[in-house]
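Heads up, model_27.txt below (compact mmCIF, C-alpha atoms):
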# COMPACT_ATOMS: atom_id res chain seq x y z
CA MET E 1 0.00 0.00 0.00
CA ARG E 2 0.89 3.64 -0.40
CA ILE E 3 0.28 5.05 3.07
CA THR E 4 0.39 8.70 4.17
CA PHE E 5 0.28 9.83 7.80
CA CYS E 6 -0.63 13.45 8.54
CA HIS E 7 0.90 15.04 11.65
CA LYS E 8 0.26 18.66 12.55
CA THR E 9 3.88 18.87 13.78
CA ALA E 10 6.65 16.36 14.39
CA ASN E 11 8.25 16.21 17.83
CA ARG E 12 9.15 13.67 20.52
CA SER E 13 5.72 13.35 22.14
CA GLY E 14 4.27 9.93 22.83
CA GLY E 15 1.73 10.26 20.02
CA ASN E 16 4.46 11.13 17.53
CA LYS E 17 6.55 8.20 18.75
CA VAL E 18 3.71 5.74 18.13
CA VAL E 19 3.13 6.98 14.58
CA ALA E 20 6.87 6.91 13.82
CA GLN E 21 7.09 3.32 15.02
CA TYR E 22 4.19 2.24 12.79
CA ALA E 23 5.56 4.20 9.83
CA ASP E 24 8.95 2.53 10.20
CA ARG E 25 7.61 -0.99 10.56
CA LEU E 26 5.10 -0.63 7.73
CA ALA E 27 7.87 0.65 5.46
CA ARG E 28 10.06 -2.31 6.41
CA ARG E 29 7.16 -4.59 5.41
CA GLY E 30 7.32 -3.19 1.89
CA HIS E 31 4.69 -0.43 2.04
CA GLU E 32 5.45 3.02 0.61
CA VAL E 33 5.11 5.27 3.65
CA THR E 34 5.10 9.08 3.79
CA VAL E 35 4.58 11.34 6.80
CA VAL E 36 3.46 14.93 6.18
CA THR E 37 4.12 17.42 8.98
CA GLY E 38 4.11 21.18 9.48
CA PRO E 39 6.15 23.60 11.58
CA GLU E 40 5.45 24.58 15.16
CA GLU E 41 3.16 27.59 15.36
CA THR E 42 4.99 30.78 16.32
CA PRO E 43 4.11 31.47 19.97
CA SER E 44 2.28 34.65 20.87
CA PRO E 45 4.37 37.44 22.48
CA ARG E 46 2.76 36.68 25.86
CA ARG E 47 3.58 32.98 25.63
CA ARG E 48 7.14 33.69 24.50
CA ALA E 49 7.63 36.05 27.44
CA ARG E 50 6.28 33.43 29.87
CA GLU E 51 8.47 30.69 28.42
CA ALA E 52 11.51 32.98 28.49
CA MET E 53 10.94 33.78 32.17
CA GLN E 54 10.51 30.07 33.03
CA SER E 55 13.65 29.16 31.12
CA VAL E 56 15.76 31.86 32.77
CA LEU E 57 14.49 30.90 36.25
CA ALA E 58 15.42 27.29 35.49
CA GLY E 59 18.96 28.39 34.65
CA ARG E 60 18.70 27.47 30.96
CA GLY E 61 19.01 30.99 29.56
CA LEU E 62 16.74 32.42 26.90
CA PRO E 63 14.90 29.75 24.87
CA ARG E 64 15.25 29.45 21.11
CA PHE E 65 12.12 28.90 19.06
CA VAL E 66 12.53 25.92 16.74
CA ARG E 67 10.17 25.67 13.76
CA TYR E 68 10.94 22.01 13.15
CA PRO E 69 11.88 20.25 16.41
CA SER E 70 13.74 16.97 16.37
CA SER E 71 11.57 13.87 16.21
CA MET E 72 11.80 10.12 15.73
CA LEU E 73 11.02 10.71 12.06
CA ASP E 74 14.55 12.06 11.68
CA GLU E 75 15.87 8.57 12.39
CA LEU E 76 13.79 6.59 9.85
CA PRO E 77 15.63 6.10 6.52
CA HIS E 78 12.80 4.05 4.98
CA VAL E 79 10.08 6.68 5.58
CA ARG E 80 9.63 9.78 3.41
CA HIS E 81 9.09 12.89 5.55
CA LEU E 82 7.52 15.89 3.80
CA ARG E 83 7.44 19.23 5.63
CA VAL E 84 4.78 21.84 4.91
CA PRO E 85 6.52 25.26 5.01
CA GLU E 86 3.80 27.23 6.84
CA ALA E 87 1.66 26.64 9.93
CA ARG E 88 -1.71 26.34 8.17
CA PRO E 89 -4.31 23.72 7.21
CA PHE E 90 -2.83 21.17 4.82
CA VAL E 91 -4.32 20.86 1.32
CA ASP E 92 -4.18 18.45 -1.62
CA ALA E 93 -0.90 19.89 -2.92
CA ASP E 94 0.84 18.94 0.33
CA PHE E 95 0.13 15.21 -0.08
CA PRO E 96 1.28 12.52 -2.50
CA ASP E 97 -1.33 10.33 -4.14
CA ALA E 98 -1.85 7.27 -1.95
CA ASP E 99 -4.08 4.31 -1.12
CA VAL E 100 -4.76 5.40 2.46
CA VAL E 101 -4.23 8.74 4.23
CA VAL E 102 -4.32 8.81 8.04
CA ALA E 103 -5.19 11.74 10.30
CA THR E 104 -3.48 11.66 13.71
CA TRP E 105 -5.04 14.65 15.54
CA TRP E 106 -8.45 16.32 15.46
CA GLU E 107 -7.29 19.26 13.30
CA THR E 108 -5.65 16.92 10.81
CA ALA E 109 -8.93 14.97 10.67
CA GLU E 110 -10.67 18.13 9.43
CA TRP E 111 -7.96 18.58 6.79
CA ILE E 112 -8.01 14.94 5.67
CA ALA E 113 -11.79 15.00 5.30
CA ARG E 114 -11.43 17.71 2.65
CA LEU E 115 -8.81 15.94 0.52
CA SER E 116 -9.64 14.62 -2.93
CA PRO E 117 -10.12 10.84 -3.41
CA ARG E 118 -6.78 10.42 -5.18
CA LYS E 119 -4.99 11.15 -1.89
CA GLY E 120 -6.34 7.87 -0.56
CA LYS E 121 -9.12 6.34 1.47
CA LYS E 122 -9.38 8.19 4.75
CA ALA E 123 -8.59 6.89 8.23
CA TYR E 124 -8.40 8.59 11.62
CA PHE E 125 -5.89 7.34 14.18
CA ILE E 126 -7.49 8.46 17.46
CA GLN E 127 -4.85 8.47 20.19
CA GLY E 128 -6.86 10.10 22.94
CA HIS E 129 -10.03 11.79 24.10
CA GLU E 130 -8.79 15.12 22.79
CA SER E 131 -11.94 17.10 23.64
CA THR E 132 -11.04 16.72 27.34
CA ILE E 133 -7.70 18.52 26.95
CA ASP E 134 -7.67 22.01 28.47
CA GLY E 135 -8.12 24.72 25.85
CA MET E 136 -9.48 22.47 23.11
CA PRO E 137 -12.76 23.46 21.36
CA ALA E 138 -14.61 20.42 22.70
CA ALA E 139 -17.65 20.47 20.37
CA ARG E 140 -15.47 20.89 17.30
CA VAL E 141 -13.13 18.11 18.41
CA GLU E 142 -16.04 15.74 19.05
CA ALA E 143 -17.49 16.56 15.63
CA THR E 144 -14.39 15.10 13.97
CA LEU E 145 -15.36 11.69 15.39
CA ASP E 146 -18.45 11.76 13.13
CA LEU E 147 -16.47 12.38 9.93
CA SER E 148 -16.39 9.73 7.23
CA LEU E 149 -12.93 8.52 8.19
CA HIS E 150 -12.31 4.94 9.30
CA PRO E 151 -11.56 5.16 13.06
CA ILE E 152 -8.54 3.34 14.48
CA THR E 153 -7.96 3.73 18.20
CA ILE E 154 -5.69 2.51 20.97
CA ALA E 155 -7.78 1.72 24.04
CA GLU E 156 -11.06 0.16 25.10
CA PHE E 157 -12.35 3.36 26.73
CA LEU E 158 -12.01 5.17 23.39
CA VAL E 159 -13.83 2.36 21.55
CA ALA E 160 -16.64 2.71 24.10
CA HIS E 161 -16.80 6.49 23.61
CA LEU E 162 -16.96 6.17 19.84
CA ARG E 163 -19.67 3.51 20.12
CA ASP E 164 -21.81 4.98 22.90
CA VAL E 165 -21.58 8.70 22.05
CA HIS E 166 -21.06 8.65 18.28
CA GLY E 167 -22.71 5.37 17.30
CA ARG E 168 -19.54 4.13 15.56
CA ARG E 169 -19.54 0.35 15.08
CA ASP E 170 -16.66 0.32 12.59
CA VAL E 171 -13.82 1.01 15.00
CA SER E 172 -10.50 -0.84 14.70
CA LEU E 173 -8.86 -1.37 18.11
CA VAL E 174 -5.06 -1.42 17.96
CA PRO E 175 -3.63 -1.22 21.51
CA ASN E 176 -0.23 0.36 21.86
CA ALA E 177 2.88 -1.74 22.40
CA VAL E 178 6.47 -0.80 23.22
CA ASP E 179 9.75 -1.82 21.63
CA LEU E 180 10.63 -4.84 23.77
CA SER E 181 14.14 -4.96 22.34
CA ARG E 182 14.71 -1.72 24.26
CA PHE E 183 12.27 -1.80 27.15
CA ASP E 184 13.31 -4.88 29.06
CA ALA E 185 15.06 -5.79 32.30
CA PRO E 186 16.15 -8.97 34.08
CA ALA E 187 14.21 -10.23 37.10
CA ARG E 188 15.23 -8.44 40.29
CA GLY E 189 14.25 -7.77 43.87
CA LYS E 190 13.60 -4.44 45.52
CA GLN E 191 16.22 -1.70 45.60
CA PRO E 192 18.48 -1.36 48.67
CA ARG E 193 17.03 2.14 49.12
CA PRO E 194 13.28 2.69 48.48
CA THR E 195 13.14 4.26 45.01
CA VAL E 196 10.34 5.83 42.98
CA ALA E 197 10.63 6.76 39.30
CA CYS E 198 8.53 9.45 37.63
CA LEU E 199 8.43 11.68 34.56
CA HIS E 200 9.06 15.41 34.83
CA THR E 201 6.45 16.97 32.55
CA GLY E 202 6.89 20.61 33.51
CA ASP E 203 3.85 22.74 34.24
CA SER E 204 1.50 20.81 31.94
CA ARG E 205 -1.68 20.50 33.98
CA ILE E 206 -2.97 17.47 32.09
CA LYS E 207 0.28 15.53 32.67
CA GLY E 208 -0.08 16.12 36.41
CA PHE E 209 3.50 16.46 37.61
CA ASP E 210 2.12 18.65 40.39
CA VAL E 211 0.05 15.66 41.55
CA THR E 212 3.07 13.36 41.48
CA LEU E 213 5.31 15.87 43.26
CA ALA E 214 2.76 16.50 46.02
CA ALA E 215 2.45 12.73 46.52
CA LEU E 216 6.24 12.40 46.74
CA PHE E 217 6.51 15.15 49.35
CA GLU E 218 3.89 13.36 51.46
CA LEU E 219 5.55 10.01 50.89
CA SER E 220 8.91 11.37 52.06
CA LEU E 221 7.40 12.05 55.50
CA HIS E 222 6.74 8.32 55.92
CA VAL E 223 9.80 7.01 54.04
CA PRO E 224 12.73 9.14 55.28
CA ASP E 225 15.33 7.45 53.07
CA LEU E 226 13.22 7.89 49.92
CA ARG E 227 15.04 8.27 46.59
CA VAL E 228 13.27 9.54 43.46
CA VAL E 229 14.58 9.11 39.92
CA CYS E 230 12.92 11.76 37.76
CA PHE E 231 13.48 12.31 34.05
CA GLY E 232 12.01 14.20 31.11
CA THR E 233 12.78 16.58 28.30
CA GLN E 234 12.28 19.73 30.41
CA ALA E 235 14.72 20.96 33.01
CA PRO E 236 13.01 21.89 36.27
CA THR E 237 12.99 25.44 37.59
CA ARG E 238 15.90 25.98 39.95
CA GLY E 239 14.92 24.92 43.49
CA SER E 240 11.59 23.37 42.45
CA LEU E 241 12.59 19.79 43.27
CA PRO E 242 13.40 18.50 46.75
CA SER E 243 16.82 17.09 47.63
CA PHE E 244 15.66 13.46 47.44
CA VAL E 245 14.87 13.85 43.72
CA GLU E 246 17.60 12.88 41.25
CA HIS E 247 16.72 14.58 37.96
CA HIS E 248 17.91 13.44 34.52
CA CYS E 249 17.24 16.06 31.83
CA ASP E 250 16.48 14.70 28.36
CA PRO E 251 18.40 11.45 28.84
CA PRO E 252 19.47 9.43 25.79
CA GLN E 253 16.74 7.09 24.60
CA ASP E 254 18.79 4.01 25.41
CA GLU E 255 19.21 5.24 29.01
CA ILE E 256 15.47 5.45 29.75
CA PRO E 257 14.87 1.70 30.30
CA ARG E 258 17.68 1.67 32.88
CA LEU E 259 16.04 4.57 34.71
CA TYR E 260 12.71 2.73 34.86
CA ALA E 261 14.47 -0.43 36.06
CA SER E 262 16.34 1.44 38.81
CA ALA E 263 13.10 1.95 40.75
CA ASP E 264 10.74 -0.10 42.91
CA VAL E 265 7.66 1.70 41.57
CA PHE E 266 6.75 4.20 38.84
CA ALA E 267 4.41 7.08 39.76
CA HIS E 268 2.10 8.28 36.98
CA GLY E 269 0.01 11.30 37.98
CA SER E 270 -1.66 12.40 34.72
CA ARG E 271 -5.08 14.00 34.82
CA VAL E 272 -5.73 13.25 31.14
CA GLU E 273 -4.03 10.68 28.89
CA GLY E 274 -4.70 9.27 25.48
CA PHE E 275 -3.06 6.03 26.51
CA GLY E 276 -0.22 6.46 28.99
CA LEU E 277 2.72 4.89 27.18
CA PRO E 278 5.15 5.40 30.12
CA ILE E 279 2.99 2.99 32.15
CA LEU E 280 3.62 0.25 29.62
CA GLU E 281 7.32 1.15 29.30
CA ALA E 282 7.78 0.86 33.07
CA MET E 283 5.91 -2.46 33.16
CA ALA E 284 8.13 -3.82 30.37
CA CYS E 285 11.13 -2.98 32.60
CA ARG E 286 9.60 -4.95 35.51
CA THR E 287 8.72 -1.81 37.47
CA PRO E 288 5.28 -1.86 39.15
CA VAL E 289 3.14 1.21 38.46
CA VAL E 290 0.89 3.38 40.63
CA SER E 291 -1.32 5.53 38.41
CA THR E 292 -4.26 7.87 38.40
CA PRO E 293 -7.30 6.52 36.46
CA SER E 294 -6.33 8.32 33.27
CA GLY E 295 -6.08 6.97 29.73
CA ALA E 296 -5.62 3.22 29.45
CA ALA E 297 -4.44 2.81 33.06
CA PRO E 298 -7.60 0.87 34.07
CA GLU E 299 -6.94 -1.57 31.20
CA LEU E 300 -3.21 -1.89 31.74
CA LEU E 301 -3.23 -2.28 35.52
CA ARG E 302 -6.27 -4.48 36.09
CA ASP E 303 -6.00 -8.08 37.33
CA GLY E 304 -3.28 -7.23 39.81
CA ARG E 305 -0.77 -5.88 37.28
CA GLY E 306 -0.33 -2.60 39.18
CA ARG E 307 -2.11 -0.15 41.46
CA MET E 308 -4.63 2.40 40.20
CA ILE E 309 -5.88 5.06 42.59
CA GLU E 310 -9.52 6.07 42.31
CA ALA E 311 -9.12 9.84 42.01
CA ILE E 312 -6.60 12.58 41.22
CA ASP E 313 -5.50 12.67 44.85
CA PRO E 314 -1.85 13.08 45.95
CA SER E 315 -2.55 11.58 49.38
CA GLU E 316 -4.10 8.48 47.84
CA MET E 317 -1.15 8.20 45.47
CA ALA E 318 1.33 8.54 48.35
CA ARG E 319 -0.39 5.72 50.25
CA ALA E 320 -0.38 3.45 47.20
CA LEU E 321 3.31 4.17 46.54
CA GLU E 322 4.14 3.40 50.17
CA ASP E 323 2.24 0.10 49.97
CA VAL E 324 4.37 -0.99 47.00
CA LEU E 325 7.61 0.21 48.60
CA ARG E 326 6.87 -1.64 51.85
CA ALA E 327 5.60 -4.85 50.24
CA PRO E 328 7.56 -7.99 51.20
CA ASP E 329 10.11 -8.89 48.55
CA ALA E 330 8.21 -11.98 47.38
CA GLU E 331 4.99 -9.96 47.00
CA TRP E 332 6.86 -7.21 45.16
CA ARG E 333 8.46 -9.72 42.79
CA ALA E 334 5.05 -11.22 41.99
CA LEU E 335 3.69 -7.75 41.13
CA SER E 336 6.78 -7.03 39.04
CA ASP E 337 6.43 -10.34 37.19
CA ARG E 338 2.74 -9.75 36.40
CA ALA E 339 3.53 -6.30 35.00
CA TYR E 340 6.38 -7.68 32.90
CA ALA E 341 4.36 -10.63 31.57
CA HIS E 342 1.55 -8.35 30.38
CA ALA E 343 3.86 -5.86 28.66
CA HIS E 344 5.83 -8.62 26.92
CA ALA E 345 2.80 -10.62 25.76
CA TYR E 346 2.03 -8.16 22.95
CA THR E 347 4.82 -6.88 20.72
CA LEU E 348 5.21 -3.95 18.35
CA GLU E 349 5.10 -6.44 15.49
CA ASP E 350 1.74 -7.70 16.81
CA ALA E 351 0.47 -4.11 16.97
CA THR E 352 1.79 -3.35 13.48
CA THR E 353 -0.05 -6.39 12.08
CA ARG E 354 -3.29 -5.11 13.62
CA PHE E 355 -2.64 -1.57 12.34
CA GLU E 356 -1.91 -2.92 8.86
CA ALA E 357 -5.22 -4.82 8.90
CA ALA E 358 -7.05 -1.64 9.97
CA LEU E 359 -5.55 0.24 7.02
CA GLU E 360 -6.63 -2.56 4.66
CA GLN E 361 -10.13 -2.23 6.11
CA ALA E 362 -10.08 1.53 5.47
CA ARG E 363 -8.82 0.97 1.91
CA SER E 364 -11.58 -1.52 1.11
CA ALA E 365 -14.39 0.58 2.61

Translate the structure described by the file into structure tokens.
Amino acid sequence: MRITFCHKTANRSGGNKVVAQYADRLARRGHEVTVVTGPEETPSPRRRAREAMQSVLAGRGLPRFVRYPSSMLDELPHVRHLRVPEARPFVDADFPDADVVVATWWETAEWIARLSPRKGKKAYFIQGHESTIDGMPAARVEATLDLSLHPITIAEFLVAHLRDVHGRRDVSLVPNAVDLSRFDAPARGKQPRPTVACLHTGDSRIKGFDVTLAALFELSLHVPDLRVVCFGTQAPTRGSLPSFVEHHCDPPQDEIPRLYASADVFAHGSRVEGFGLPILEAMACRTPVVSTPSGAAPELLRDGRGRMIEAIDPSEMARALEDVLRAPDAEWRALSDRAYAHAHAYTLEDATTRFEAALEQARSA
């Protein structure tokens, strides 16, 4: 097949990573794969001033606006990457002729719906409940789920939303998987010093680092020798992290599995998630997870594969983290093994086969 993915922008977000992985594997299977992306939108003067102040306070100096940030697409020699020169809706001239064209975000769904038939049969890769994200035009986002694009989605809760709210019975479910050649770890016991891992996601409200950090402060009152391994692409503001937090700024990709595996538990405090890929990455590295009930966490952690708290509550998260940290070694190993077994039972090749079948279904519609 000739397959085109449409990204609004290319970066290193989880959603971009998933598309890049499918694009790479589909190309290696002999498909002709193109990804069309645009530049980052120029921030408003107010936003640029805010970001400059945050960057200076964090000790990073003045930030530099990058129109085309680095992304996993830069590392894929078998995938054609076409960049649209302006931040605007994409049109026919931006796309090659293809068999299937895939939207990957609600705005791109609007653009894809307007393309001519020669650009391909139309599919919509729905990676989250985007109308729940702060600042999104909820009614307009939801309207894209009624467009005549074949829906492909990543989690059971999204299938249910499409079915129950939009009456869609044609949904292809393709759960996410992680690269198990990278995200893996040998069996182990608990760390000599109680250790929690977490992602530093800056001041993004939906990613909930404030929830995680509040839980860690509370946890430290009950676990005096607590160690926290924190990592992410953003450097924290100077003085914003307590002394028990060991921060790794934008670590190399091959270092991330080791960071997950250095902990007894991974804390995931998101308020809103499309899926929650870090949960699955941690599980693949044998690290039990405590998570808020966001994204696919209820699906990933059920049947004793982890701990899901019932609300966005730092105190509840702190108690759940303490339970895992204080679990007897045999109990902890059993939890670690269940997490690992689930993550390793479904590979990226399995997911690619399901995604390929969904594209064939879109093409034949």

- Item | Atomic distance CA of Val102 in chain E - CA of Glu356 in chain E, expressed in Å with one decimal |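 Here the two named atoms are 12.0 Å from each other.
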
- Task: Work out how far apart CA of Thr108 in chain E and CA of Pro278 in chain E are and give it in Å to one decimal.
- Result: 24.9 Å

- Message: Please determine, counting all atoms listed in the file, which residue among E:Ile126, E:Ile133, E:Leu149, E:Ala98 has the shortest atom-to-atom distance to Glu110 in chain E.
- Response: E:Leu149

- Minimum-distance residue to Thr144 in chain E, chosen among E:Leu173, E:Gln127, E:Glu107, E:Thr201 (using all atoms listed in the file): E:Glu107

- Message: Just checking: using all atoms listed in the file, which residue out of E:Leu73, E:Val265, E:Asp146, E:Ala177 ends up closest to Arg354 in chain E?
- Response: E:Ala177

- Pick out the closest residue to Leu180 in chain E from this set: E:Thr353, E:Thr347, E:Ser294, E:Thr153. Count all atoms listed in the file.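 So, comparing all the options, the nearest one is E:Thr347.
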
Grab all the atoms of range 15-20 of chain E that the file lists, wrap them in a box along x, y and z, add 4 Å per side, and give me centre plus edge lengths in Å (one decimal) as JSON.
{"center_x": 4.3, "center_y": 8.4, "center_z": 16.9, "size_x": 13.1, "size_y": 13.4, "size_z": 14.2}

- Query: Which residues, written as a list in words, have at least one atom at most 9 Å from Leu145 in chain E, with only C-alpha atoms counted and residues fewer than 6 positions away on the same chain left out?
  - Reply: Trp106, Ala109, Tyr124, Ile126, Pro151, Leu162, His166 and Arg168 of chain E

- Item | Selection: 7 Å around Pro257 in chain E, all atoms listed in the file, excl. self and same-chain fewer than 2 positions, as a PyMOL selection string | chain E and resi 182-184+254-255+259-261+285

- Query: Residues around (-9.9, 17.3, 3.7), cut-off 12 Å, counting all atoms listed in the file - what are they as a ChimeraX atom specification?
  - Reply: /E:6,89-95,101-103,106-124,144,147-149

- Which of these residues is nearest to Arg193 in chain E, using all atoms listed in the file: E:Asp264, E:Asp164, E:Glu32, E:Asp313? E:Asp264

- Between E:Val36, E:Phe231, E:Leu213, E:Ala27, single out the one closest to Gln253 in chain E, counting only C-alpha atoms.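 Ranking E:Val36, E:Phe231, E:Leu213, E:Ala27 by distance to Gln253 in chain E, first place goes to E:Phe231.
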
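Neighbourhood of point (10.9, 10.9, 13.5): residues with an atom at most 8 Å away, counting only C-alpha atoms, are Ala10, Asn11, Arg12, Asn16, Lys17, Ala20, Ser70, Ser71, Met72, Leu73, Asp74, Glu75 and Leu76 of chain E.
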
- Message: Using Å and a single decimal, report how far CA of Arg302 in chain E sits from CA of Phe355 in chain E.
- Response: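 Spanning CA of Phe355 in chain E to CA of Arg302 in chain E is a straight-line distance of 24.2 Å.
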